[in-house]
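Source file structure.txt; content: compact mmCIF, N, CA and C atoms and all ligand atoms.
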# COMPACT_ATOMS: atom_id res chain seq x y z
N MET A 1 24.14 -67.16 43.78
CA MET A 1 22.69 -66.98 43.73
C MET A 1 22.18 -66.64 45.12
N HIS A 2 21.28 -65.68 45.22
CA HIS A 2 20.70 -65.38 46.51
C HIS A 2 19.19 -65.54 46.46
N THR A 3 18.62 -65.74 47.64
CA THR A 3 17.18 -65.92 47.73
C THR A 3 16.55 -64.65 48.27
N GLN A 4 15.44 -64.27 47.72
CA GLN A 4 14.77 -63.03 48.12
C GLN A 4 13.26 -63.26 48.12
N LEU A 5 12.61 -62.72 49.12
CA LEU A 5 11.15 -62.80 49.21
C LEU A 5 10.56 -61.55 48.59
N ILE A 6 9.68 -61.70 47.61
CA ILE A 6 9.00 -60.55 47.02
C ILE A 6 7.49 -60.77 47.12
N HIS A 7 6.76 -59.66 47.10
CA HIS A 7 5.31 -59.74 47.18
C HIS A 7 4.71 -59.20 45.90
N LEU A 8 3.84 -59.99 45.30
CA LEU A 8 3.18 -59.61 44.05
C LEU A 8 1.68 -59.85 44.17
N HIS A 9 0.93 -59.19 43.32
CA HIS A 9 -0.52 -59.40 43.29
C HIS A 9 -0.81 -60.87 42.97
N ARG A 10 -1.83 -61.43 43.61
CA ARG A 10 -2.11 -62.85 43.42
C ARG A 10 -2.56 -63.15 41.98
N ALA A 11 -3.05 -62.14 41.27
CA ALA A 11 -3.47 -62.36 39.88
C ALA A 11 -2.35 -62.09 38.88
N ALA A 12 -1.17 -61.76 39.36
CA ALA A 12 -0.05 -61.47 38.44
C ALA A 12 0.29 -62.73 37.65
N PRO A 13 0.62 -62.55 36.37
CA PRO A 13 1.00 -63.72 35.56
C PRO A 13 2.34 -64.30 36.04
N ALA A 14 2.56 -65.55 35.73
CA ALA A 14 3.83 -66.20 36.08
C ALA A 14 4.96 -65.60 35.25
N LYS A 15 6.14 -65.55 35.84
CA LYS A 15 7.28 -65.01 35.10
C LYS A 15 7.61 -65.91 33.90
N PRO A 16 7.74 -65.28 32.74
CA PRO A 16 8.12 -66.07 31.57
C PRO A 16 9.64 -66.29 31.53
N ALA A 17 10.10 -67.07 30.57
CA ALA A 17 11.54 -67.30 30.41
C ALA A 17 12.22 -66.02 29.93
N LYS A 18 13.48 -65.88 30.28
CA LYS A 18 14.27 -64.74 29.83
C LYS A 18 14.29 -64.68 28.30
N ARG A 19 14.24 -63.48 27.79
CA ARG A 19 14.28 -63.19 26.35
C ARG A 19 12.97 -63.47 25.62
N THR A 20 11.93 -63.90 26.36
CA THR A 20 10.62 -63.99 25.73
C THR A 20 9.89 -62.68 26.03
N SER A 21 8.70 -62.51 25.49
CA SER A 21 7.97 -61.24 25.66
C SER A 21 7.67 -60.97 27.12
N CYS A 22 7.79 -59.72 27.50
CA CYS A 22 7.44 -59.31 28.87
C CYS A 22 5.92 -59.39 29.02
N ASN A 23 5.48 -60.06 30.08
CA ASN A 23 4.04 -60.16 30.33
C ASN A 23 3.59 -59.34 31.52
N GLY A 24 4.50 -58.52 32.06
CA GLY A 24 4.11 -57.66 33.19
C GLY A 24 3.98 -58.40 34.50
N CYS A 25 4.76 -59.47 34.67
CA CYS A 25 4.66 -60.25 35.92
C CYS A 25 5.14 -59.43 37.12
N GLY A 26 6.05 -58.50 36.91
CA GLY A 26 6.50 -57.62 37.99
C GLY A 26 7.65 -58.14 38.81
N VAL A 27 8.12 -59.35 38.52
CA VAL A 27 9.17 -59.97 39.34
C VAL A 27 10.44 -59.11 39.38
N CYS A 28 10.88 -58.65 38.20
CA CYS A 28 12.16 -57.91 38.15
C CYS A 28 12.10 -56.65 39.02
N CYS A 29 11.06 -55.87 38.87
CA CYS A 29 10.99 -54.58 39.56
C CYS A 29 10.58 -54.72 41.03
N ALA A 30 10.01 -55.86 41.37
CA ALA A 30 9.71 -56.12 42.78
C ALA A 30 10.99 -56.50 43.52
N ALA A 31 11.93 -57.10 42.78
CA ALA A 31 13.17 -57.56 43.40
C ALA A 31 14.22 -56.47 43.49
N GLU A 32 14.35 -55.68 42.44
CA GLU A 32 15.38 -54.64 42.44
C GLU A 32 15.00 -53.53 41.46
N THR A 33 15.61 -52.39 41.62
CA THR A 33 15.32 -51.29 40.71
C THR A 33 16.30 -51.30 39.53
N CYS A 34 15.79 -50.87 38.39
CA CYS A 34 16.64 -50.76 37.19
C CYS A 34 17.51 -49.50 37.32
N PRO A 35 18.44 -49.27 36.40
CA PRO A 35 19.29 -48.08 36.50
C PRO A 35 18.49 -46.78 36.59
N ALA A 36 17.42 -46.67 35.84
CA ALA A 36 16.60 -45.45 35.91
C ALA A 36 15.98 -45.30 37.30
N GLY A 37 15.47 -46.41 37.81
CA GLY A 37 14.86 -46.39 39.14
C GLY A 37 15.87 -46.07 40.23
N MET A 38 17.10 -46.58 40.08
CA MET A 38 18.14 -46.30 41.07
C MET A 38 18.42 -44.81 41.16
N ILE A 39 18.49 -44.17 40.02
CA ILE A 39 18.81 -42.74 40.01
C ILE A 39 17.63 -41.91 40.52
N ILE A 40 16.45 -42.23 40.06
CA ILE A 40 15.29 -41.41 40.42
C ILE A 40 14.84 -41.65 41.86
N PHE A 41 14.86 -42.89 42.29
CA PHE A 41 14.33 -43.20 43.63
C PHE A 41 15.44 -43.44 44.66
N ARG A 42 16.68 -43.48 44.20
CA ARG A 42 17.83 -43.64 45.09
C ARG A 42 17.73 -44.89 45.96
N GLN A 43 17.37 -45.99 45.30
CA GLN A 43 17.36 -47.27 45.99
C GLN A 43 17.72 -48.35 44.99
N ARG A 44 18.39 -49.36 45.47
CA ARG A 44 18.81 -50.46 44.61
C ARG A 44 17.86 -51.64 44.74
N ARG A 45 17.36 -51.84 45.92
CA ARG A 45 16.50 -52.99 46.17
C ARG A 45 15.05 -52.66 45.85
N GLY A 46 14.29 -53.71 45.54
CA GLY A 46 12.88 -53.52 45.28
C GLY A 46 12.06 -53.59 46.55
N PRO A 47 10.79 -53.37 46.45
CA PRO A 47 10.10 -53.09 45.21
C PRO A 47 10.31 -51.65 44.76
N CYS A 48 10.36 -51.44 43.46
CA CYS A 48 10.50 -50.09 42.93
C CYS A 48 9.21 -49.32 43.15
N PRO A 49 9.31 -48.07 43.60
CA PRO A 49 8.11 -47.27 43.85
C PRO A 49 7.27 -47.02 42.60
N ALA A 50 7.88 -47.19 41.43
CA ALA A 50 7.14 -46.92 40.20
C ALA A 50 6.37 -48.14 39.71
N LEU A 51 6.59 -49.29 40.32
CA LEU A 51 5.91 -50.51 39.87
C LEU A 51 4.42 -50.42 40.22
N ALA A 52 3.57 -50.49 39.20
CA ALA A 52 2.14 -50.28 39.43
C ALA A 52 1.31 -51.43 38.85
N TRP A 53 0.36 -51.90 39.64
CA TRP A 53 -0.53 -52.98 39.21
C TRP A 53 -1.68 -52.41 38.39
N HIS A 54 -1.96 -53.03 37.25
CA HIS A 54 -3.07 -52.62 36.39
C HIS A 54 -4.00 -53.82 36.26
N GLY A 55 -4.98 -53.88 37.12
CA GLY A 55 -5.87 -55.04 37.17
C GLY A 55 -6.82 -55.13 36.00
N ASP A 56 -6.98 -54.03 35.27
CA ASP A 56 -7.93 -54.01 34.16
C ASP A 56 -7.29 -54.34 32.81
N GLU A 57 -6.03 -54.65 32.79
CA GLU A 57 -5.35 -54.93 31.52
C GLU A 57 -4.93 -56.39 31.42
N ASP A 58 -5.31 -57.02 30.35
CA ASP A 58 -4.86 -58.40 30.07
C ASP A 58 -5.08 -59.35 31.25
N GLY A 59 -6.12 -59.15 31.99
CA GLY A 59 -6.35 -60.01 33.15
C GLY A 59 -5.52 -59.62 34.35
N GLY A 60 -4.82 -58.50 34.25
CA GLY A 60 -3.99 -58.01 35.34
C GLY A 60 -2.51 -58.11 35.00
N ARG A 61 -1.80 -57.00 35.14
CA ARG A 61 -0.36 -57.01 34.87
C ARG A 61 0.26 -55.78 35.53
N TYR A 62 1.55 -55.83 35.73
CA TYR A 62 2.29 -54.68 36.24
C TYR A 62 2.82 -53.85 35.09
N ARG A 63 2.93 -52.56 35.34
CA ARG A 63 3.55 -51.65 34.38
C ARG A 63 4.46 -50.69 35.14
N CYS A 64 5.41 -50.14 34.39
CA CYS A 64 6.33 -49.16 34.98
C CYS A 64 5.67 -47.79 35.00
N GLY A 65 5.57 -47.20 36.17
CA GLY A 65 4.95 -45.90 36.29
C GLY A 65 5.73 -44.78 35.63
N LEU A 66 7.02 -45.00 35.40
CA LEU A 66 7.79 -43.98 34.69
C LEU A 66 7.32 -43.86 33.25
N LEU A 67 6.72 -44.95 32.74
CA LEU A 67 6.20 -44.92 31.38
C LEU A 67 4.74 -44.50 31.35
N THR A 68 3.95 -44.97 32.30
CA THR A 68 2.51 -44.68 32.26
C THR A 68 2.17 -43.31 32.83
N SER A 69 2.88 -42.85 33.83
CA SER A 69 2.59 -41.55 34.43
C SER A 69 3.87 -40.93 34.99
N PRO A 70 4.79 -40.54 34.10
CA PRO A 70 6.09 -40.05 34.56
C PRO A 70 6.01 -38.86 35.49
N ALA A 71 5.07 -37.95 35.25
CA ALA A 71 5.01 -36.73 36.08
C ALA A 71 4.65 -37.04 37.53
N SER A 72 3.98 -38.17 37.78
CA SER A 72 3.62 -38.46 39.16
C SER A 72 4.80 -39.03 39.94
N HIS A 73 5.86 -39.41 39.24
CA HIS A 73 7.06 -39.92 39.92
C HIS A 73 8.22 -38.94 39.87
N VAL A 74 8.24 -38.12 38.84
CA VAL A 74 9.30 -37.13 38.69
C VAL A 74 8.64 -35.76 38.81
N ARG A 75 8.62 -35.24 40.02
CA ARG A 75 7.82 -34.06 40.33
C ARG A 75 8.22 -32.82 39.54
N TRP A 76 9.50 -32.72 39.20
CA TRP A 76 9.95 -31.52 38.51
C TRP A 76 9.65 -31.55 37.02
N LEU A 77 9.04 -32.65 36.57
CA LEU A 77 8.79 -32.78 35.14
C LEU A 77 7.59 -31.93 34.73
N PRO A 78 7.75 -31.00 33.80
CA PRO A 78 6.60 -30.22 33.35
C PRO A 78 5.63 -31.10 32.58
N TYR A 79 4.34 -30.81 32.66
CA TYR A 79 3.34 -31.62 31.99
C TYR A 79 3.67 -31.77 30.51
N ALA A 80 4.12 -30.68 29.90
CA ALA A 80 4.43 -30.70 28.48
C ALA A 80 5.58 -31.65 28.15
N GLY A 81 6.35 -32.02 29.16
CA GLY A 81 7.50 -32.89 28.90
C GLY A 81 7.20 -34.36 29.09
N GLU A 82 5.95 -34.69 29.39
CA GLU A 82 5.63 -36.09 29.67
C GLU A 82 5.88 -37.02 28.49
N GLY A 83 5.51 -36.58 27.30
CA GLY A 83 5.70 -37.42 26.12
C GLY A 83 7.16 -37.73 25.89
N LEU A 84 7.99 -36.70 25.98
CA LEU A 84 9.42 -36.89 25.79
C LEU A 84 9.99 -37.79 26.88
N ALA A 85 9.52 -37.56 28.12
CA ALA A 85 10.01 -38.38 29.23
C ALA A 85 9.66 -39.84 29.01
N ARG A 86 8.45 -40.12 28.54
CA ARG A 86 8.06 -41.52 28.27
C ARG A 86 9.01 -42.16 27.25
N THR A 87 9.31 -41.40 26.21
CA THR A 87 10.20 -41.93 25.17
C THR A 87 11.59 -42.21 25.74
N LEU A 88 12.11 -41.28 26.51
CA LEU A 88 13.44 -41.45 27.07
C LEU A 88 13.48 -42.59 28.08
N PHE A 89 12.47 -42.65 28.95
CA PHE A 89 12.44 -43.73 29.94
C PHE A 89 12.30 -45.09 29.25
N ALA A 90 11.50 -45.14 28.20
CA ALA A 90 11.32 -46.41 27.49
C ALA A 90 12.66 -46.91 26.94
N ARG A 91 13.46 -45.97 26.42
CA ARG A 91 14.79 -46.37 25.92
C ARG A 91 15.69 -46.80 27.07
N TRP A 92 15.60 -46.02 28.15
CA TRP A 92 16.48 -46.24 29.28
C TRP A 92 16.27 -47.61 29.90
N ILE A 93 15.01 -47.99 30.04
CA ILE A 93 14.73 -49.27 30.69
C ILE A 93 14.56 -50.39 29.66
N ALA A 94 14.81 -50.06 28.38
CA ALA A 94 14.73 -51.06 27.31
C ALA A 94 13.35 -51.69 27.24
N ALA A 95 12.32 -50.87 27.41
CA ALA A 95 10.95 -51.39 27.35
C ALA A 95 10.66 -51.95 25.96
N GLY A 96 9.94 -53.03 25.93
CA GLY A 96 9.54 -53.63 24.67
C GLY A 96 10.58 -54.56 24.06
N THR A 97 11.67 -54.79 24.79
CA THR A 97 12.71 -55.67 24.24
C THR A 97 12.63 -57.08 24.82
N GLY A 98 11.62 -57.37 25.58
CA GLY A 98 11.47 -58.71 26.13
C GLY A 98 12.01 -58.81 27.55
N CYS A 99 11.76 -59.93 28.16
CA CYS A 99 12.19 -60.12 29.55
C CYS A 99 13.71 -60.26 29.63
N ASP A 100 14.31 -59.45 30.50
CA ASP A 100 15.77 -59.52 30.66
C ASP A 100 16.14 -59.96 32.08
N SER A 101 15.18 -60.58 32.76
CA SER A 101 15.42 -60.98 34.15
C SER A 101 15.83 -62.43 34.26
N ASP A 102 16.92 -62.64 35.03
CA ASP A 102 17.42 -64.00 35.31
C ASP A 102 16.73 -64.65 36.49
N ALA A 103 15.85 -63.90 37.15
CA ALA A 103 15.26 -64.39 38.40
C ALA A 103 14.51 -65.70 38.18
N GLU A 104 14.65 -66.58 39.15
CA GLU A 104 13.90 -67.83 39.12
C GLU A 104 12.90 -67.78 40.25
N VAL A 105 11.65 -68.01 39.93
CA VAL A 105 10.59 -67.91 40.93
C VAL A 105 10.24 -69.30 41.44
N GLY A 106 10.30 -69.45 42.74
CA GLY A 106 10.00 -70.76 43.31
C GLY A 106 8.85 -70.73 44.25
S1 LIG B 1 10.86 -57.99 32.28
FE1 LIG B 1 10.49 -60.15 32.82
S2 LIG B 1 10.43 -60.22 35.06
FE2 LIG B 1 10.18 -58.07 34.42
S3 LIG B 1 7.94 -57.73 34.32
FE3 LIG B 1 8.63 -58.32 32.27
S4 LIG B 1 8.36 -60.53 32.19
FE4 LIG B 1 8.32 -59.95 34.35
S1 LIG B 2 11.36 -50.47 34.96
FE1 LIG B 2 10.17 -48.89 36.04
S2 LIG B 2 9.10 -50.00 37.71
FE2 LIG B 2 10.79 -51.29 36.97
S3 LIG B 2 12.53 -50.83 38.28
FE3 LIG B 2 12.72 -49.51 36.48
S4 LIG B 2 11.70 -47.61 37.07
FE4 LIG B 2 11.04 -49.17 38.51
Would it be possible to restate this file's structure as C-alpha cells?
Amino acid sequence: MHTQLIHLHRAAPAKPAKRTSCNGCGVCCAAETCPAGMIIFRQRRGPCPALAWHGDEDGGRYRCGLLTSPASHVRWLPYAGEGLARTLFARWIAAGTGCDSDAEVG
C-alpha cells in the first residue's frame, strides 16, 4: 500500500465503498489515470487532465471529460464523431458500472 496526496474540490462527495454506485468523488482519477487516460494523455499518475468538476450537478461532482466533451481532449476527433467517441470511451472506462477504486481516503 502506498500513500498519495491528492487535491479535490472541497464540495466533492466522500468516496463511497468499492462496487457501490459512483458518486463522482474524483478520487480514482485524481490519483491515477485509467487505461484510456494513459493512452490519450501519456501519463500514469493523476490527476488526469480529463477530470472535470461540475459544481452545478448533484451538489457538485466530478465527471470524465472524455465522456462529457471528448473533442476538447482528443483534438483530432471530428465533431460528427463525438457521439461514437462517448460510447466507446464509456465502454473503455466501464462508466456506469459502479466504483472500482480500492483507494482509502484518510
Ligand atoms: S469510480 Fe469511485 S473513486 Fe472514482 S469517481 Fe466514482 S466513486 Fe469516486
Ligand atoms: S475515467 Fe476519464 S477522467 Fe478518469 S482517468 Fe480515465 S480518462 Fe481520466
Could you tell me which of A:Glu104, A:Ala50, A:Asn23, A:Ser72 comes closest to ligand LIG 2 (chain B) if we count all atoms listed in the file?
A:Ala50
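Considering all atoms listed in the file, the residue among A:Val27, A:Ala14, A:Leu51, A:Ala71 positioned nearest to ligand LIG 2 (chain B) is A:Leu51.
Of note, atom C of His9 of chain A and atom FE4 of ligand LIG 1 (chain B) are spaced 12.6 Å apart.
Proximity ranking of A:Pro78, A:Gly37, A:Gly55, A:Gly60 relative to ligand LIG 2 (chain B) places A:Gly37 first, based on only C-alpha atoms and all ligand atoms.
Note that the spacing between atom CA of Arg63 of chain A and atom CA of Pro49 of chain A amounts to 11.4 Å.
The shortest atom-to-atom distance to Ser21 of chain A, with all atoms listed in the file taken into account, belongs to A:Cys99 out of A:Leu67, A:Cys99, A:Met38, A:Ile93.
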Nearby residues, (14.8, -59.2, 26.1) file frame, 8 Å, only C-alpha atoms, as a PyMOL selection string:
chain A and resi 18-22+96-100
Keeping only N, CA and C atoms, write the selected residues as a JSON list (two decimals), in the coordinates of the input.
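Below is the file that was written, again11.json:
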[["chain", "number", "residue", "atom", "x", "y", "z"],
["A", 18, "LYS", "N", 13.48, -65.88, 30.28],
["A", 18, "LYS", "CA", 14.27, -64.74, 29.83],
["A", 18, "LYS", "C", 14.29, -64.68, 28.30],
["A", 19, "ARG", "N", 14.24, -63.48, 27.79],
["A", 19, "ARG", "CA", 14.28, -63.19, 26.35],
["A", 19, "ARG", "C", 12.97, -63.47, 25.62],
["A", 20, "THR", "N", 11.93, -63.90, 26.36],
["A", 20, "THR", "CA", 10.62, -63.99, 25.73],
["A", 20, "THR", "C", 9.89, -62.68, 26.03],
["A", 21, "SER", "N", 8.70, -62.51, 25.49],
["A", 21, "SER", "CA", 7.97, -61.24, 25.66],
["A", 21, "SER", "C", 7.67, -60.97, 27.12],
["A", 22, "CYS", "N", 7.79, -59.72, 27.50],
["A", 22, "CYS", "CA", 7.44, -59.31, 28.87],
["A", 22, "CYS", "C", 5.92, -59.39, 29.02],
["A", 96, "GLY", "N", 9.94, -53.03, 25.93],
["A", 96, "GLY", "CA", 9.54, -53.63, 24.67],
["A", 96, "GLY", "C", 10.58, -54.56, 24.06],
["A", 97, "THR", "N", 11.67, -54.79, 24.79],
["A", 97, "THR", "CA", 12.71, -55.67, 24.24],
["A", 97, "THR", "C", 12.63, -57.08, 24.82],
["A", 98, "GLY", "N", 11.62, -57.37, 25.58],
["A", 98, "GLY", "CA", 11.47, -58.71, 26.13],
["A", 98, "GLY", "C", 12.01, -58.81, 27.55],
["A", 99, "CYS", "N", 11.76, -59.93, 28.16],
["A", 99, "CYS", "CA", 12.19, -60.12, 29.55],
["A", 99, "CYS", "C", 13.71, -60.26, 29.63],
["A", 100, "ASP", "N", 14.31, -59.45, 30.50],
["A", 100, "ASP", "CA", 15.77, -59.52, 30.66],
["A", 100, "ASP", "C", 16.14, -59.96, 32.08]]
DSSP on the backbone: which residues in chain A end up as helix (DSSP H, G or I)? Give the answer as a PyMOL selection string.
chain A and resi 27-31+35-41+65-68+70-73+79-92
Within 9 Å of ligand LIG 2 (chain B), which residues of chain A come that close, and what is the closest atom pair and distance in Å for each? Count only C-alpha atoms and all ligand atoms and give it as a Markdown table.
| residue | atom | partner | partner_atom | distance |
| --- | --- | --- | --- | --- |
| A:Gly26 | CA | B:LIG2 | FE2 | 7.7 |
| A:Cys28 | CA | B:LIG2 | FE2 | 6.9 |
| A:Cys29 | CA | B:LIG2 | FE2 | 4.2 |
| A:Ala30 | CA | B:LIG2 | S3 | 7.5 |
| A:Ala31 | CA | B:LIG2 | S3 | 8.5 |
| A:Glu32 | CA | B:LIG2 | S3 | 6.3 |
| A:Thr33 | CA | B:LIG2 | S3 | 3.7 |
| A:Cys34 | CA | B:LIG2 | FE3 | 4.2 |
| A:Pro35 | CA | B:LIG2 | FE3 | 6.7 |
| A:Ala36 | CA | B:LIG2 | S4 | 5.5 |
| A:Gly37 | CA | B:LIG2 | S4 | 4.0 |
| A:Met38 | CA | B:LIG2 | S4 | 7.7 |
| A:Ile40 | CA | B:LIG2 | S4 | 7.9 |
| A:Phe41 | CA | B:LIG2 | S4 | 8.3 |
| A:Arg44 | CA | B:LIG2 | S3 | 8.9 |
| A:Gly46 | CA | B:LIG2 | S3 | 7.5 |
| A:Pro47 | CA | B:LIG2 | S3 | 7.7 |
| A:Cys48 | CA | B:LIG2 | FE4 | 4.5 |
| A:Pro49 | CA | B:LIG2 | FE4 | 6.4 |
| A:Ala50 | CA | B:LIG2 | S2 | 4.4 |
| A:Leu51 | CA | B:LIG2 | S2 | 3.9 |
| A:Ala52 | CA | B:LIG2 | S2 | 7.2 |
| A:Tyr62 | CA | B:LIG2 | S2 | 8.4 |
| A:Arg63 | CA | B:LIG2 | S2 | 6.7 |
| A:Cys64 | CA | B:LIG2 | S2 | 4.0 |
| A:Gly65 | CA | B:LIG2 | S2 | 6.0 |
| A:Leu66 | CA | B:LIG2 | FE1 | 5.6 |
| A:Leu67 | CA | B:LIG2 | FE1 | 7.3 |
| A:Phe89 | CA | B:LIG2 | S4 | 8.2 |
| A:Ala90 | CA | B:LIG2 | S1 | 8.5 |
| A:Trp92 | CA | B:LIG2 | S1 | 8.7 |
| A:Ile93 | CA | B:LIG2 | S1 | 5.6 |
| A:Ala94 | CA | B:LIG2 | S1 | 8.4 |
| A:Ala95 | CA | B:LIG2 | S1 | 7.7 |
